[in-house]
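Structure file data.txt with compact mmCIF, C-alpha atoms and all ligand atoms:
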# COMPACT_ATOMS: atom_id res chain seq x y z
CA MET A 186 -134.93 47.87 27.61
CA SER A 187 -133.42 44.56 26.44
CA ASP A 188 -131.04 42.64 28.72
CA LYS A 189 -128.81 41.98 25.70
CA LYS A 190 -125.30 43.43 25.61
CA ILE A 191 -124.11 44.81 22.29
CA VAL A 192 -120.39 45.29 21.69
CA VAL A 193 -119.36 47.44 18.73
CA ILE A 194 -115.84 47.35 17.29
CA SER A 195 -115.38 50.47 15.17
CA GLY A 196 -112.62 51.74 12.92
CA ALA A 197 -111.82 54.71 10.71
CA GLY A 198 -114.61 53.86 8.27
CA ILE A 199 -117.30 54.99 10.71
CA SER A 200 -115.78 58.48 10.70
CA ALA A 201 -115.31 58.62 6.91
CA GLU A 202 -118.75 60.20 6.38
CA SER A 203 -117.76 62.85 8.91
CA GLY A 204 -114.98 63.81 6.53
CA LEU A 205 -112.08 62.15 8.39
CA SER A 206 -109.67 60.08 6.25
CA THR A 207 -109.39 56.37 6.73
CA PHE A 208 -105.93 54.80 6.63
CA ARG A 209 -105.95 52.18 3.90
CA ASP A 210 -108.59 53.29 1.43
CA SER A 211 -107.33 55.01 -1.72
CA GLY A 212 -106.36 58.51 -0.64
CA GLY A 213 -106.08 57.27 2.93
CA LEU A 214 -103.63 58.61 5.49
CA TRP A 215 -101.04 55.91 4.86
CA GLU A 216 -100.85 56.98 1.23
CA GLY A 217 -99.82 60.48 2.22
CA TYR A 218 -97.63 59.69 5.20
CA ASN A 219 -94.94 57.16 6.10
CA ILE A 220 -96.28 55.24 9.13
CA GLU A 221 -92.76 54.80 10.52
CA GLU A 222 -92.08 58.54 10.37
CA VAL A 223 -95.28 59.82 12.02
CA ALA A 224 -96.72 56.95 14.10
CA SER A 225 -93.84 55.06 15.69
CA PRO A 226 -91.42 55.56 18.61
CA GLN A 227 -88.56 55.53 16.07
CA GLY A 228 -90.19 58.37 14.14
CA TRP A 229 -90.62 60.29 17.41
CA GLN A 230 -86.95 59.87 18.26
CA LYS A 231 -85.87 60.92 14.77
CA ASN A 232 -88.17 63.89 14.16
CA PRO A 233 -90.63 64.73 16.96
CA GLU A 234 -91.80 67.90 15.21
CA LYS A 235 -93.01 65.83 12.23
CA VAL A 236 -94.95 63.54 14.56
CA LEU A 237 -96.44 66.47 16.49
CA GLU A 238 -97.45 68.18 13.24
CA PHE A 239 -99.18 64.99 11.98
CA TYR A 240 -101.29 64.68 15.13
CA ASN A 241 -101.89 68.45 15.45
CA LEU A 242 -103.44 68.41 11.96
CA ARG A 243 -105.56 65.31 12.72
CA ARG A 244 -106.65 66.78 16.10
CA LYS A 245 -107.80 69.98 14.36
CA GLN A 246 -109.67 68.01 11.67
CA ALA A 247 -111.34 65.78 14.27
CA ALA A 248 -112.44 68.81 16.33
CA GLU A 249 -113.97 70.39 13.21
CA ALA A 250 -115.76 67.17 12.19
CA GLN A 251 -119.28 66.32 13.32
CA PRO A 252 -120.64 62.91 14.41
CA ASN A 253 -122.57 61.31 11.55
CA THR A 254 -125.73 59.19 11.35
CA ALA A 255 -123.80 56.04 12.27
CA HIS A 256 -122.33 57.52 15.47
CA LYS A 257 -125.77 58.85 16.40
CA ALA A 258 -127.54 55.54 15.70
CA LEU A 259 -125.10 53.76 18.02
CA ALA A 260 -125.64 56.37 20.73
CA ASP A 261 -129.43 55.98 20.35
CA LEU A 262 -129.08 52.19 20.71
CA GLU A 263 -128.18 52.79 24.38
CA ASN A 264 -131.87 53.54 24.97
CA SER A 265 -132.68 49.90 24.15
CA PHE A 266 -129.54 47.91 25.00
CA GLU A 267 -126.34 47.96 27.02
CA VAL A 268 -123.88 49.17 24.35
CA ILE A 269 -120.09 49.10 24.71
CA ILE A 270 -118.10 50.76 21.94
CA VAL A 271 -114.56 49.44 21.47
CA THR A 272 -113.05 51.84 18.97
CA GLN A 273 -109.70 51.94 17.19
CA ASN A 274 -110.43 55.57 16.39
CA VAL A 275 -108.70 58.40 18.19
CA ASP A 276 -111.40 60.96 17.38
CA ASP A 277 -114.16 61.67 19.94
CA LEU A 278 -117.10 61.45 17.55
CA HIS A 279 -118.69 58.52 19.42
CA GLU A 280 -118.68 60.53 22.64
CA ARG A 281 -119.91 63.68 20.93
CA ALA A 282 -122.77 61.67 19.39
CA GLY A 283 -123.80 60.69 22.93
CA SER A 284 -122.29 57.23 23.45
CA ASN A 285 -121.44 56.76 27.13
CA ASN A 286 -119.31 53.61 27.14
CA VAL A 287 -116.43 54.19 24.71
CA LEU A 288 -113.16 52.29 25.06
CA HIS A 289 -110.30 53.75 22.97
CA LEU A 290 -107.89 50.95 22.05
CA HIS A 291 -105.45 53.28 20.25
CA GLY A 292 -105.72 56.38 22.45
CA GLU A 293 -107.35 59.75 21.96
CA LEU A 294 -106.31 62.78 19.91
CA ARG A 295 -107.73 65.22 22.47
CA LYS A 296 -105.37 63.91 25.16
CA ALA A 297 -101.63 64.42 25.67
CA ARG A 298 -99.28 62.71 28.11
CA SER A 299 -95.83 63.03 29.60
CA THR A 300 -93.03 61.24 27.73
CA LYS A 301 -91.62 60.33 31.15
CA ASP A 302 -94.68 59.21 33.14
CA GLU A 303 -97.39 57.82 30.88
CA SER A 304 -99.96 58.05 33.67
CA ARG A 305 -99.72 61.83 33.47
CA ILE A 306 -102.48 62.39 30.93
CA LEU A 307 -104.16 65.75 30.26
CA ASP A 308 -107.07 66.85 28.12
CA ILE A 309 -105.89 69.34 25.51
CA ASP A 310 -109.16 69.51 23.54
CA ALA A 311 -108.20 70.71 20.02
CA ASP A 312 -104.96 72.47 21.04
CA PRO A 313 -101.69 71.63 19.28
CA ILE A 314 -98.72 70.08 21.08
CA GLU A 315 -95.45 71.82 20.26
CA LEU A 316 -91.87 70.95 21.12
CA GLY A 317 -91.22 72.58 24.48
CA ASP A 318 -94.77 71.94 25.76
CA LEU A 319 -94.00 70.14 29.01
CA ALA A 320 -96.03 67.97 31.37
CA GLU A 321 -96.06 68.77 35.12
CA ASP A 322 -93.10 66.42 35.57
CA GLY A 323 -91.09 68.61 33.23
CA ALA A 324 -91.02 66.07 30.39
CA GLN A 325 -92.05 66.81 26.81
CA LEU A 326 -95.72 66.19 26.06
CA ARG A 327 -96.67 63.65 23.35
CA PRO A 328 -99.97 62.57 21.83
CA HIS A 329 -101.85 60.06 24.02
CA VAL A 330 -102.06 57.74 21.02
CA VAL A 331 -100.73 54.18 20.60
CA TRP A 332 -97.94 54.14 18.01
CA PHE A 333 -97.00 51.07 15.98
CA GLY A 334 -94.88 48.81 18.14
CA GLU A 335 -96.36 50.12 21.40
CA MET A 336 -98.57 48.18 23.80
CA VAL A 337 -102.35 48.33 23.45
CA SER A 338 -102.97 48.54 27.20
CA MET A 339 -106.78 48.35 26.89
CA ILE A 340 -106.82 45.08 24.94
CA GLU A 341 -107.60 42.81 27.90
CA VAL A 342 -110.45 45.06 29.04
CA ALA A 343 -111.78 45.06 25.46
CA ALA A 344 -111.52 41.26 25.17
CA LYS A 345 -113.58 40.84 28.36
CA GLU A 346 -116.31 43.01 26.87
CA VAL A 347 -116.37 40.95 23.64
CA ILE A 348 -116.53 37.68 25.63
CA GLU A 349 -119.67 39.02 27.35
CA ALA A 350 -121.28 40.27 24.14
CA ASP A 351 -124.69 38.90 23.14
CA ILE A 352 -124.43 40.72 19.80
CA LEU A 353 -121.25 41.85 18.01
CA ILE A 354 -121.20 44.69 15.48
CA VAL A 355 -118.02 45.48 13.52
CA VAL A 356 -118.13 48.72 11.54
CA GLY A 357 -115.62 50.56 9.37
CA THR A 358 -112.46 48.58 10.03
CA SER A 359 -110.23 46.60 7.67
CA LEU A 360 -109.43 44.20 10.53
CA VAL A 361 -105.75 44.11 9.57
CA VAL A 362 -104.18 45.67 12.69
CA TYR A 363 -103.63 43.42 15.71
CA PRO A 364 -104.34 42.95 18.52
CA ALA A 365 -107.56 44.93 17.81
CA ALA A 366 -108.52 42.73 14.85
CA GLY A 367 -108.14 39.62 17.00
CA LEU A 368 -110.98 40.73 19.29
CA ILE A 369 -113.58 39.21 16.97
CA GLU A 370 -112.36 35.73 17.99
CA TYR A 371 -113.48 36.26 21.59
CA THR A 372 -117.23 36.03 21.08
CA LYS A 373 -119.14 33.14 22.67
CA PRO A 374 -120.44 30.57 20.15
CA ASN A 375 -123.67 31.46 18.27
CA VAL A 376 -123.46 35.17 19.04
CA PRO A 377 -124.99 37.07 16.10
CA LYS A 378 -122.18 39.00 14.35
CA TYR A 379 -122.66 41.85 11.92
CA ILE A 380 -120.09 43.65 9.82
CA ILE A 381 -120.87 46.96 8.12
CA ASP A 382 -118.46 47.95 5.38
CA PRO A 383 -118.87 48.78 1.68
CA ALA A 384 -115.83 46.61 0.94
CA GLU A 385 -115.53 42.84 1.24
CA PRO A 386 -114.55 42.05 4.85
CA GLN A 387 -111.13 40.52 5.49
CA LEU A 388 -112.62 37.60 7.40
CA TYR A 389 -111.18 34.18 6.69
CA ASP A 390 -114.56 32.65 7.51
CA MET A 391 -117.82 34.49 6.92
CA LYS A 392 -119.77 31.74 8.77
CA GLY A 393 -121.96 33.30 11.44
CA TRP A 394 -121.51 36.80 10.01
CA VAL A 395 -124.10 39.02 8.32
CA HIS A 396 -122.44 41.60 6.04
CA TYR A 397 -124.14 44.93 5.44
CA LYS A 398 -122.27 45.86 2.26
CA GLU A 399 -122.81 49.60 2.56
CA ASN A 400 -121.60 52.75 4.26
CA ALA A 401 -121.89 53.05 8.02
CA GLY A 402 -124.33 55.96 7.71
CA THR A 403 -127.06 53.76 6.26
CA GLY A 404 -125.90 50.35 7.47
CA VAL A 405 -125.69 51.13 11.18
CA LYS A 406 -129.08 52.86 11.15
CA LYS A 407 -130.67 49.89 9.36
CA LEU A 408 -129.11 47.34 11.73
CA ALA A 409 -130.03 49.37 14.81
CA GLU A 410 -133.68 49.50 13.72
CA LYS A 411 -133.65 45.73 13.08
CA LEU A 412 -132.17 44.95 16.50
CA LYS A 413 -134.59 47.27 18.29
CA LYS A 414 -137.53 45.60 16.53
CA GLU A 415 -136.23 42.06 17.24
CA HIS A 416 -135.49 42.64 20.91
CA SER A 417 -138.15 45.12 21.97
N1 LIG B 1 -118.64 53.22 6.06
C1 LIG B 1 -118.19 52.04 6.55
N2 LIG B 1 -116.95 51.54 6.30
C2 LIG B 1 -116.15 52.29 5.51
C3 LIG B 1 -116.54 53.55 4.97
C4 LIG B 1 -117.84 54.00 5.27
N3 LIG B 1 -118.32 55.16 4.80
N4 LIG B 1 -115.50 54.02 4.22
C5 LIG B 1 -114.50 53.11 4.32
N5 LIG B 1 -114.89 52.07 5.08
C6 LIG B 1 -114.13 50.88 5.46
C7 LIG B 1 -113.07 50.44 4.49
O1 LIG B 1 -113.63 49.59 3.49
C8 LIG B 1 -112.11 49.69 5.40
O2 LIG B 1 -112.51 48.34 5.57
O3 LIG B 1 -113.44 51.20 6.66
C9 LIG B 1 -112.26 50.42 6.75
C10 LIG B 1 -111.10 51.34 7.04
O4 LIG B 1 -109.96 50.54 7.23
P1 LIG B 1 -108.60 51.24 7.69
O5 LIG B 1 -108.37 52.47 6.86
O6 LIG B 1 -107.56 50.17 7.72
O7 LIG B 1 -108.89 51.75 9.16
P2 LIG B 1 -108.87 50.90 10.50
O8 LIG B 1 -109.32 49.51 10.27
O9 LIG B 1 -109.59 51.70 11.53
O10 LIG B 1 -107.30 50.89 10.88
C11 LIG B 1 -106.95 50.25 12.09
O11 LIG B 1 -104.69 50.99 11.79
O12 LIG B 1 -103.26 52.65 11.20
C12 LIG B 1 -103.83 52.00 12.27
O13 LIG B 1 -104.12 52.92 14.40
C13 LIG B 1 -104.62 52.97 13.11
O14 LIG B 1 -106.64 52.52 14.32
C14 LIG B 1 -106.02 52.39 13.05
C15 LIG B 1 -105.79 50.94 12.70

Kindly return the structure encoded in the file as structure tokens.
Ligand code: APR
Amino acid sequence: MSDKKIVVISGAGISAESGLSTFRDSGGLWEGYNIEEVASPQGWQKNPEKVLEFYNLRRKQAAEAQPNTAHKALADLENSFEVIIVTQNVDDLHERAGSNNVLHLHGELRKARSTKDESRILDIDADPIELGDLAEDGAQLRPHVVWFGEMVSMIEVAAKEVIEADILIVVGTSLVVYPAAGLIEYTKPNVPKYIIDPAEPQLYDMKGWVHYKENAGTGVKKLAEKLKKEHS
């Protein structure tokens, strides 16, 4: 067991090979839906049913999806390193693959919360949320997901993890949504940084980065083997 701490920042791309749409690839979610209408407080005010329907569909799809090789390779890495997963994803594929330290920056599809008291969070598994479904405090339930314009309450916790990272792995994210994308700036100097993505990364400076230009399924497995060999 190495004493090195690996922090992984994952995005929708790691779940693409599990059949879940990304957001900004061609055919991605934001091609089919208007972000404002389905993922913002304004959209919720205007048409809550539309928002609930959007997340009910994604919750069902996520529940039917299976963790892929990349999720499993990251879970396996916990046998050799301390691994913290900071994910922008709202699916639970990291957990279902066996990862034990998963920090959801943008919330979780399988949770709902009161629109009055945001600390009232309940696990709804794959169940839909309908208008009229109330929390214990009598307020309408909403998805426990961070909408555009809302606070990312876990960002400070996530930044602390990245500061302590000995190795940083970024997989399956376009790094265009802040504050999540800004986490990569928190690493100590000279920390090895890897990015796994078939597309060119949106990094203004590739210095200090190794790019695995391939899908997560093969790239994460390859990198995990390399790290285990190097640090065993
Ligand atoms: N393996 C690895 N990476 C992939 C794969 C794959 N099989 N398929 C696509 N990708 C990459 C794309 O090249 C892209 O860089 O995954 C990234 C997906 O980017 P986005 O669709 O922007 O998803 P993400 O970065 O997670 O979005 C961030 O935006 O809409 C909000 O809250 C939402 O959490 C989301 C945030």

Enumerate residues in contact with ligand LIG 1 (chain B): an atom-to-atom distance of at most 7 Å, counting all atoms listed in the file. Format the result as a count of residues only.
-> 31

Which residues come within 8 Å of stretch 280-286 of chain A, counting all atoms listed in the file, excluding same-chain residues fewer than 2 positions away, as a list in words?
->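 Once the adjacent positions are removed, what remains is Pro252, Asn253, His256, Lys257, Leu259, Ala260, Asp261, Glu263, Val268, Ile269, Ile270, Asp277, Leu278 and Leu288 of chain A.
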
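Computed from the coordinates, the atom CA of A:Phe333 to atom CA of A:Asp308 distance equals 22.3 Å.
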
Got a sec: who's within 12 Å of stretch 216-230 of chain A, counting only C-alpha atoms, leaving out chain neighbours fewer than 3 positions off, as a PDB file with C-alpha atoms, in the frame of the given file?
ATOM      1  CA  SER A 206    -109.670  60.080   6.250  1.00  0.00           C
ATOM      2  CA  THR A 207    -109.390  56.370   6.730  1.00  0.00           C
ATOM      3  CA  PHE A 208    -105.930  54.800   6.630  1.00  0.00           C
ATOM      4  CA  ARG A 209    -105.950  52.180   3.900  1.00  0.00           C
ATOM      5  CA  ASP A 210    -108.590  53.290   1.430  1.00  0.00           C
ATOM      6  CA  SER A 211    -107.330  55.010  -1.720  1.00  0.00           C
ATOM      7  CA  GLY A 212    -106.360  58.510  -0.640  1.00  0.00           C
ATOM      8  CA  GLY A 213    -106.080  57.270   2.930  1.00  0.00           C
ATOM      9  CA  PRO A 233     -90.630  64.730  16.960  1.00  0.00           C
ATOM     10  CA  GLU A 234     -91.800  67.900  15.210  1.00  0.00           C
ATOM     11  CA  LYS A 235     -93.010  65.830  12.230  1.00  0.00           C
ATOM     12  CA  VAL A 236     -94.950  63.540  14.560  1.00  0.00           C
ATOM     13  CA  LEU A 237     -96.440  66.470  16.490  1.00  0.00           C
ATOM     14  CA  GLU A 238     -97.450  68.180  13.240  1.00  0.00           C
ATOM     15  CA  PHE A 239     -99.180  64.990  11.980  1.00  0.00           C
ATOM     16  CA  TYR A 240    -101.290  64.680  15.130  1.00  0.00           C
ATOM     17  CA  ASN A 241    -101.890  68.450  15.450  1.00  0.00           C
ATOM     18  CA  LEU A 242    -103.440  68.410  11.960  1.00  0.00           C
ATOM     19  CA  ARG A 243    -105.560  65.310  12.720  1.00  0.00           C
ATOM     20  CA  HIS A 291    -105.450  53.280  20.250  1.00  0.00           C
ATOM     21  CA  THR A 300     -93.030  61.240  27.730  1.00  0.00           C
ATOM     22  CA  LEU A 316     -91.870  70.950  21.120  1.00  0.00           C
ATOM     23  CA  GLN A 325     -92.050  66.810  26.810  1.00  0.00           C
ATOM     24  CA  LEU A 326     -95.720  66.190  26.060  1.00  0.00           C
ATOM     25  CA  ARG A 327     -96.670  63.650  23.350  1.00  0.00           C
ATOM     26  CA  PRO A 328     -99.970  62.570  21.830  1.00  0.00           C
ATOM     27  CA  HIS A 329    -101.850  60.060  24.020  1.00  0.00           C
ATOM     28  CA  VAL A 330    -102.060  57.740  21.020  1.00  0.00           C
ATOM     29  CA  VAL A 331    -100.730  54.180  20.600  1.00  0.00           C
ATOM     30  CA  TRP A 332     -97.940  54.140  18.010  1.00  0.00           C
ATOM     31  CA  PHE A 333     -97.000  51.070  15.980  1.00  0.00           C
ATOM     32  CA  GLY A 334     -94.880  48.810  18.140  1.00  0.00           C
ATOM     33  CA  GLU A 335     -96.360  50.120  21.400  1.00  0.00           C
ATOM     34  CA  MET A 336     -98.570  48.180  23.800  1.00  0.00           C
TER      35      MET A 336
END

Residue nearest A:Tyr379 - candidates A:Glu293, A:Val193, A:Asp188, A:Val342, atoms counted: only C-alpha atoms |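 Among the listed residues, the smallest separation from A:Tyr379 belongs to A:Val193.
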